[in-house]
$ cat protein08.csv   # CSV, C-alpha atoms
chain,number,residue,atom,x,y,z
U,413,MET,CA,-1.9,-25.4,-19.5
U,414,ALA,CA,1.4,-23.3,-19.3
U,415,VAL,CA,3.2,-23.3,-16.0
U,416,HIS,CA,5.3,-20.1,-15.3
U,417,GLU,CA,8.1,-20.1,-12.9
U,418,LEU,CA,7.8,-17.0,-10.8
U,419,TRP,CA,10.8,-17.3,-8.5
U,420,THR,CA,13.5,-19.7,-7.5
U,421,GLY,CA,15.0,-19.9,-3.9
U,422,THR,CA,14.7,-21.9,-0.8
U,423,VAL,CA,12.1,-22.7,1.8
U,424,SER,CA,13.9,-22.4,5.1
U,425,PHE,CA,13.2,-23.1,8.8
U,426,SER,CA,15.4,-24.0,11.7
U,427,LEU,CA,18.5,-25.5,10.0
U,428,VAL,CA,16.5,-26.8,7.0
U,429,ALA,CA,16.8,-25.2,3.6
U,430,ILE,CA,15.0,-26.8,0.6
U,431,PRO,CA,15.5,-25.5,-2.9
U,432,VAL,CA,12.2,-24.7,-4.6
U,433,GLN,CA,10.6,-23.0,-7.5
U,434,LEU,CA,7.4,-20.9,-7.1
U,435,VAL,CA,4.7,-21.3,-9.8
U,436,SER,CA,1.2,-19.9,-9.9
U,437,ALA,CA,-1.5,-22.5,-9.2
U,438,VAL,CA,-4.0,-20.6,-11.3
U,439,ALA,CA,-3.8,-20.3,-15.0
U,440,ALA,CA,-5.5,-17.4,-16.8
U,441,SER,CA,-8.4,-19.1,-18.6
U,442,ARG,CA,-10.9,-16.3,-18.6
U,443,ILE,CA,-12.0,-14.8,-21.9
U,444,SER,CA,-10.7,-11.3,-22.3
U,445,PHE,CA,-11.4,-8.7,-25.0
U,446,ARG,CA,-9.3,-5.9,-26.5
U,447,MET,CA,-10.9,-2.5,-26.9
U,448,LEU,CA,-11.0,-1.5,-30.6
U,449,HIS,CA,-11.9,1.6,-32.5
U,450,ALA,CA,-15.3,0.8,-34.0
U,451,LYS,CA,-14.5,2.7,-37.2
U,452,ASP,CA,-11.3,1.0,-38.2
U,453,TYR,CA,-10.8,-1.8,-35.5
U,454,ALA,CA,-7.5,-0.3,-34.4
U,455,PRO,CA,-6.6,-1.6,-30.9
U,456,LEU,CA,-7.0,1.4,-28.5
U,457,SER,CA,-4.3,2.4,-25.9
U,458,ARG,CA,-4.6,4.3,-22.7
U,459,ARG,CA,-2.8,7.6,-22.2
U,460,MET,CA,-2.4,9.8,-19.1
U,461,LEU,CA,-3.9,13.2,-19.7
U,462,CYS,CA,-3.2,16.4,-17.7
U,463,PRO,CA,-6.6,18.1,-17.4
U,464,VAL,CA,-4.9,21.5,-16.7
U,465,GLU,CA,-2.7,21.5,-19.8
U,466,GLY,CA,-4.9,19.3,-21.9
U,467,LYS,CA,-1.9,17.3,-23.0
U,468,ILE,CA,-0.8,13.7,-22.7
U,469,VAL,CA,1.8,13.4,-19.9
U,470,PRO,CA,5.0,11.4,-20.8
U,471,LEU,CA,6.0,8.6,-18.4
U,472,HIS,CA,9.1,10.5,-17.0
U,473,GLU,CA,6.8,13.4,-15.8
U,474,ILE,CA,4.5,11.1,-13.8
U,475,VAL,CA,4.9,10.8,-10.0
U,476,ARG,CA,2.8,9.0,-7.4
U,477,GLY,CA,0.7,11.1,-5.0
U,478,PHE,CA,-1.2,9.9,-2.0
U,479,GLU,CA,-4.5,11.9,-1.6
U,480,ILE,CA,-4.6,12.9,2.1
U,481,ALA,CA,-7.6,15.3,1.6
U,482,PRO,CA,-9.5,16.6,-1.5
U,483,ASP,CA,-6.9,18.0,-3.9
U,484,LYS,CA,-4.1,17.6,-1.4
U,485,TYR,CA,-1.4,15.1,-2.0
U,486,ILE,CA,1.8,13.7,-0.5
U,487,VAL,CA,4.2,13.0,-3.4
U,488,MET,CA,6.3,9.8,-3.2
U,489,THR,CA,9.3,9.4,-5.4
U,490,ARG,CA,10.3,6.0,-6.9
U,491,GLU,CA,13.4,6.0,-4.6
U,492,GLU,CA,11.3,6.5,-1.5
U,493,LEU,CA,9.0,3.7,-2.4
U,494,GLU,CA,12.0,1.4,-3.2
U,495,SER,CA,13.6,2.3,0.1
U,496,VAL,CA,10.6,0.7,2.0
U,497,SER,CA,10.4,-2.4,-0.3
U,498,PRO,CA,11.9,-5.6,1.1
U,499,GLU,CA,14.9,-6.8,-0.9
U,500,ARG,CA,14.1,-9.6,-3.3
U,501,SER,CA,14.9,-12.4,-0.9
U,502,ARG,CA,16.2,-15.8,-1.9
U,503,ALA,CA,14.3,-17.5,0.9
U,504,ILE,CA,10.8,-18.1,2.2
U,505,GLU,CA,11.5,-18.2,5.9
U,506,ILE,CA,8.9,-20.1,7.9
U,507,ILE,CA,8.5,-18.6,11.3
U,508,ASP,CA,5.7,-20.9,12.7
U,509,PHE,CA,4.0,-24.2,11.9
U,510,ILE,CA,0.3,-23.8,12.5
U,511,ASP,CA,-2.7,-26.0,12.3
U,512,ILE,CA,-4.2,-25.4,8.9
U,513,GLY,CA,-7.7,-25.9,10.3
U,514,ASP,CA,-7.2,-22.8,12.4
U,515,VAL,CA,-7.0,-20.5,9.4
U,516,ASP,CA,-10.3,-19.1,8.3
U,517,PRO,CA,-10.5,-19.1,4.4
U,518,VAL,CA,-11.2,-15.4,4.6
U,519,TYR,CA,-7.5,-14.9,5.1
U,520,TYR,CA,-6.5,-16.8,2.0
U,521,GLY,CA,-5.0,-14.8,-0.9
U,522,ARG,CA,-3.6,-16.1,-4.2
U,523,PRO,CA,-2.8,-19.8,-4.5
U,524,TYR,CA,0.7,-20.9,-5.7
U,525,PHE,CA,2.6,-24.2,-5.9
U,526,LEU,CA,6.1,-24.7,-4.6
U,527,VAL,CA,7.9,-27.4,-6.6
U,528,PRO,CA,11.3,-28.9,-5.8
U,529,ALA,CA,14.3,-27.4,-7.5
U,530,LYS,CA,17.4,-29.4,-8.4
U,531,GLY,CA,18.8,-31.1,-5.4
U,532,GLY,CA,15.8,-30.5,-3.2
U,533,GLU,CA,13.6,-33.4,-4.3
U,534,LYS,CA,14.2,-35.7,-1.2
U,535,ALA,CA,13.8,-33.0,1.4
U,536,TYR,CA,10.8,-31.6,-0.4
U,537,SER,CA,9.1,-35.0,-0.3
U,538,LEU,CA,9.9,-35.3,3.3
U,539,LEU,CA,8.4,-31.9,4.2
U,540,VAL,CA,5.2,-32.7,2.2
U,541,GLU,CA,4.8,-36.0,3.9
U,542,VAL,CA,5.4,-34.7,7.4
U,543,MET,CA,3.1,-31.7,6.9
U,544,ARG,CA,0.4,-33.9,5.6
U,545,GLU,CA,0.8,-36.4,8.5
U,546,THR,CA,0.8,-33.7,11.2
U,547,GLY,CA,-1.8,-31.4,9.6
U,548,ARG,CA,0.6,-28.4,9.9
U,549,ALA,CA,1.1,-25.5,7.6
U,550,GLY,CA,4.1,-23.2,7.4
U,551,ALA,CA,3.5,-19.5,8.1
U,552,PHE,CA,5.8,-16.8,6.9
U,553,VAL,CA,5.6,-13.0,6.4
U,554,ASP,CA,5.7,-10.7,3.4
U,555,HIS,CA,7.8,-12.3,0.7
U,556,PRO,CA,8.2,-9.8,-2.2
U,557,SER,CA,7.6,-12.4,-4.9
U,558,LEU,CA,4.1,-12.9,-3.6
U,559,GLN,CA,3.0,-9.3,-3.7
L,290,MET,CA,-20.8,-18.6,1.8
L,291,LYS,CA,-20.3,-19.5,5.5
L,292,PRO,CA,-20.9,-18.1,9.0
L,293,ALA,CA,-18.2,-15.8,10.4
L,294,GLY,CA,-19.1,-14.8,13.9
L,295,GLN,CA,-22.5,-13.3,13.7
L,296,ALA,CA,-22.1,-12.5,10.0
L,297,LEU,CA,-21.9,-14.4,6.7
L,298,SER,CA,-18.6,-14.4,4.8
L,299,LEU,CA,-18.5,-14.9,1.1
L,300,ILE,CA,-15.4,-16.2,-0.5
L,301,THR,CA,-15.0,-16.7,-4.3
L,302,LEU,CA,-13.5,-19.9,-5.6
L,303,HIS,CA,-11.6,-20.6,-8.8
L,304,TYR,CA,-13.2,-22.7,-11.5
L,305,SER,CA,-11.6,-26.2,-11.8
L,306,ASP,CA,-10.2,-25.4,-15.3
L,307,GLU,CA,-8.3,-22.5,-13.9
L,308,ILE,CA,-6.2,-24.6,-11.4
L,309,VAL,CA,-2.9,-26.0,-12.8
L,310,PRO,CA,-3.1,-29.8,-12.4
L,311,GLU,CA,-0.6,-31.3,-10.0
L,312,GLU,CA,0.9,-33.6,-12.6
L,313,GLU,CA,1.9,-30.6,-14.7
L,314,ILE,CA,4.1,-29.1,-12.0
L,315,LEU,CA,5.6,-32.2,-10.4
L,316,SER,CA,6.4,-34.7,-13.1
L,317,GLU,CA,9.1,-37.0,-11.8
L,318,LYS,CA,10.8,-34.5,-9.5
L,319,THR,CA,10.0,-35.8,-6.0
L,320,GLY,CA,12.1,-38.4,-4.2
L,321,ARG,CA,11.4,-40.7,-1.3
L,322,ALA,CA,11.5,-39.9,2.4
L,323,TRP,CA,13.1,-42.3,4.9
L,324,PRO,CA,11.5,-43.1,8.3
L,325,ARG,CA,14.4,-41.8,10.4
L,326,ASP,CA,14.4,-38.5,8.4
L,327,THR,CA,10.6,-38.3,8.9
L,328,ASP,CA,10.9,-38.6,12.7
L,329,GLU,CA,13.5,-35.8,12.8
L,330,MET,CA,11.4,-33.5,10.6
L,331,ILE,CA,8.4,-34.1,12.8
L,332,LYS,CA,10.5,-33.0,15.8
L,333,VAL,CA,11.6,-29.8,14.1
L,334,ILE,CA,8.1,-28.9,12.9
L,335,GLU,CA,6.6,-29.7,16.3
L,336,SER,CA,9.2,-27.5,18.0
L,337,MET,CA,8.0,-24.6,15.9
L,338,ARG,CA,4.3,-25.2,16.4
L,339,SER,CA,2.2,-22.2,17.2
L,340,ALA,CA,-1.4,-21.2,17.3
L,341,PHE,CA,-2.5,-19.1,14.4
L,342,LYS,CA,-2.6,-15.5,15.4
L,343,PRO,CA,-3.4,-13.3,12.3
L,344,GLU,CA,-2.1,-10.1,14.0
L,345,ARG,CA,1.4,-11.8,14.2
L,346,TYR,CA,1.8,-11.5,10.4
L,347,ALA,CA,1.8,-7.8,9.7
L,348,ASN,CA,2.3,-6.3,6.2
L,349,GLU,CA,5.6,-4.6,7.0
L,350,ARG,CA,5.8,-2.8,3.7
L,351,LYS,CA,2.4,-1.2,4.2
L,352,GLU,CA,3.4,-0.1,7.7
L,353,LYS,CA,6.7,1.4,6.4
L,354,ILE,CA,4.9,3.3,3.6
L,355,ALA,CA,2.3,4.6,6.1
L,356,GLY,CA,5.1,5.7,8.4
L,357,LEU,CA,6.9,7.6,5.5
L,358,LEU,CA,3.6,9.3,4.5
L,359,GLY,CA,3.1,10.3,8.1
L,360,GLU,CA,6.6,11.9,8.3
L,361,LYS,CA,6.0,13.8,5.0
L,362,ALA,CA,2.4,14.8,5.7
L,363,LYS,CA,3.1,18.0,7.6
L,364,GLU,CA,5.7,19.6,5.5
L,365,GLN,CA,5.6,18.1,2.1
L,366,MET,CA,2.0,18.2,1.0
L,367,VAL,CA,1.2,19.6,-2.4
L,368,GLU,CA,-2.1,21.0,-3.7
L,369,SER,CA,-3.4,20.2,-7.1
L,370,PRO,CA,-5.3,22.8,-9.2
L,371,VAL,CA,-9.0,22.3,-9.1
L,372,THR,CA,-10.0,21.0,-12.5
L,373,GLY,CA,-13.5,19.6,-12.0
L,374,GLU,CA,-12.2,16.5,-13.6
L,375,GLU,CA,-12.8,13.1,-12.0
L,376,VAL,CA,-9.5,11.7,-10.7
L,377,LEU,CA,-8.5,8.2,-11.9
L,378,GLU,CA,-7.7,6.9,-8.5
L,379,GLY,CA,-9.4,7.7,-5.2
L,380,PRO,CA,-7.8,7.8,-1.8
L,381,GLY,CA,-5.9,4.5,-1.1
L,382,ASP,CA,-6.8,2.0,1.5
L,383,LEU,CA,-3.9,3.4,3.5
L,384,VAL,CA,-6.0,6.3,4.7
L,385,SER,CA,-6.9,4.9,8.1
L,386,VAL,CA,-3.4,3.6,8.7
L,387,LEU,CA,-2.0,7.0,7.7
L,388,GLN,CA,-4.4,8.9,10.0
L,389,GLU,CA,-3.3,6.6,12.8
L,390,SER,CA,0.3,7.2,12.0
L,391,VAL,CA,-0.2,11.0,12.0
L,392,ARG,CA,-1.9,10.8,15.3
L,393,LYS,CA,1.1,8.9,16.7
L,394,VAL,CA,3.5,11.5,15.4
L,395,GLU,CA,1.4,14.3,16.9
L,396,ALA,CA,1.1,12.4,20.2
L,397,ALA,CA,4.9,12.0,20.4
L,398,GLN,CA,5.5,15.7,19.9
$ encode --input "protein08.csv" --output "structure tokens"
Amino acid sequence: MAVHELWTGTVSFSLVAIPVQLVSAVAASRISFRMLHAKDYAPLSRRMLCPVEGKIVPLHEIVRGFEIAPDKYIVMTREELESVSPERSRAIEIIDFIDIGDVDPVYYGRPYFLVPAKGGEKAYSLLVEVMRETGRAGAFVDHPSLQ
Amino acid sequence: MKPAGQALSLITLHYSDEIVPEEEILSEKTGRAWPRDTDEMIKVIESMRSAFKPERYANERKEKIAGLLGEKAKEQMVESPVTGEEVLEGPGDLVSVLQESVRKVEAAQ
């Protein structure tokens, strides 16, 4: 099963900073199919079509619009969306340690593993051991690598 | 499936062959913890202990986008030609947040 490193940085809280790597805990194992042209088995591709002009729209002419009412949109530029995106942080900053039993599974999202990066092995083991012993889980907010 | 208040919640699980085995991600990487370090770490963690309050962990990016949409909603709205075609994407799940944001802007004026 292939393990893909998604991000490298630190887990930090108080004065502690532990170098880690983030990997997905779930590997794609579901069977997927390609759409083919039944006549010649050519793999099909998707194109964006303008229904007014009846033409395929090139990528550089596509903008994002938020539909606020039927046929009425607010257009957002790439720059505007980037301006509200958090910077790609080098740290997962834990703000609270909570009791894991208090979190209803309905709040769970995607599962990942954090593995120790070079130099972080001892501190990583210590954190795992203490969290297991105390039943605590680290809580943090909105890391861009996890979106 | 489990009770959630007066309702039933249903949460999907992954199949076992979809989960990356622990031995594949850890290998020989972990070290040993010493008792004195353990005591210190427990103190730090206990000093940051808090009850889980879901509302404390807000999606800041979503709130910022909703705020930006609220600012642009009055003056920078465009109208698309009526085509009778079905659009690819419907209104996003930000609608309620946006409406709330617009109400706040109007209330402040």
$ closest_atom_pairs --input "protein08.csv" --of "chain U" --to "chain L" --cutoff "6 Å" --atoms "only C-alpha atoms" --output "CSV"
residue,atom,partner,partner_atom,distance
U:Ala437,CA,L:Val309,CA,5.2
U:Val438,CA,L:Ile308,CA,4.6
U:Ala439,CA,L:Glu307,CA,5.1
U:Ser441,CA,L:Glu307,CA,5.8
U:Glu479,CA,L:Pro380,CA,5.3
U:Asp483,CA,L:Ser369,CA,5.2
U:Lys484,CA,L:Glu368,CA,4.6
U:Tyr485,CA,L:Val367,CA,5.2
U:Ile486,CA,L:Met366,CA,4.7
U:Val496,CA,L:Lys353,CA,5.9
U:Asp508,CA,L:Met337,CA,5.4
U:Phe509,CA,L:Arg338,CA,4.6
U:Ile510,CA,L:Ser339,CA,5.3
U:Glu533,CA,L:Thr319,CA,4.6
U:Lys534,CA,L:Gly320,CA,4.5
U:Ser537,CA,L:Thr319,CA,5.8
U:Leu538,CA,L:Ala322,CA,5.0
U:Val553,CA,L:Tyr346,CA,5.7
$ atom_distance --input "protein08.csv" --atom1 "atom CA of U:Leu471" --atom2 "atom CA of L:Ala355"
25.1 Å
$ atom_distance --input "protein08.csv" --atom1 "atom CA of U:Tyr520" --atom2 "atom CA of U:Ile443"
24.6 Å
$ atom_distance --input "protein08.csv" --atom1 "atom CA of U:Cys462" --atom2 "atom CA of U:Ala450"
25.6 Å
$ closest_residue --input "protein08.csv" --among "U:Ser457, U:Thr489, U:Gln433, U:Thr546" --to "U:Gly421" --atoms "all atoms listed in the file"
U:Gln433
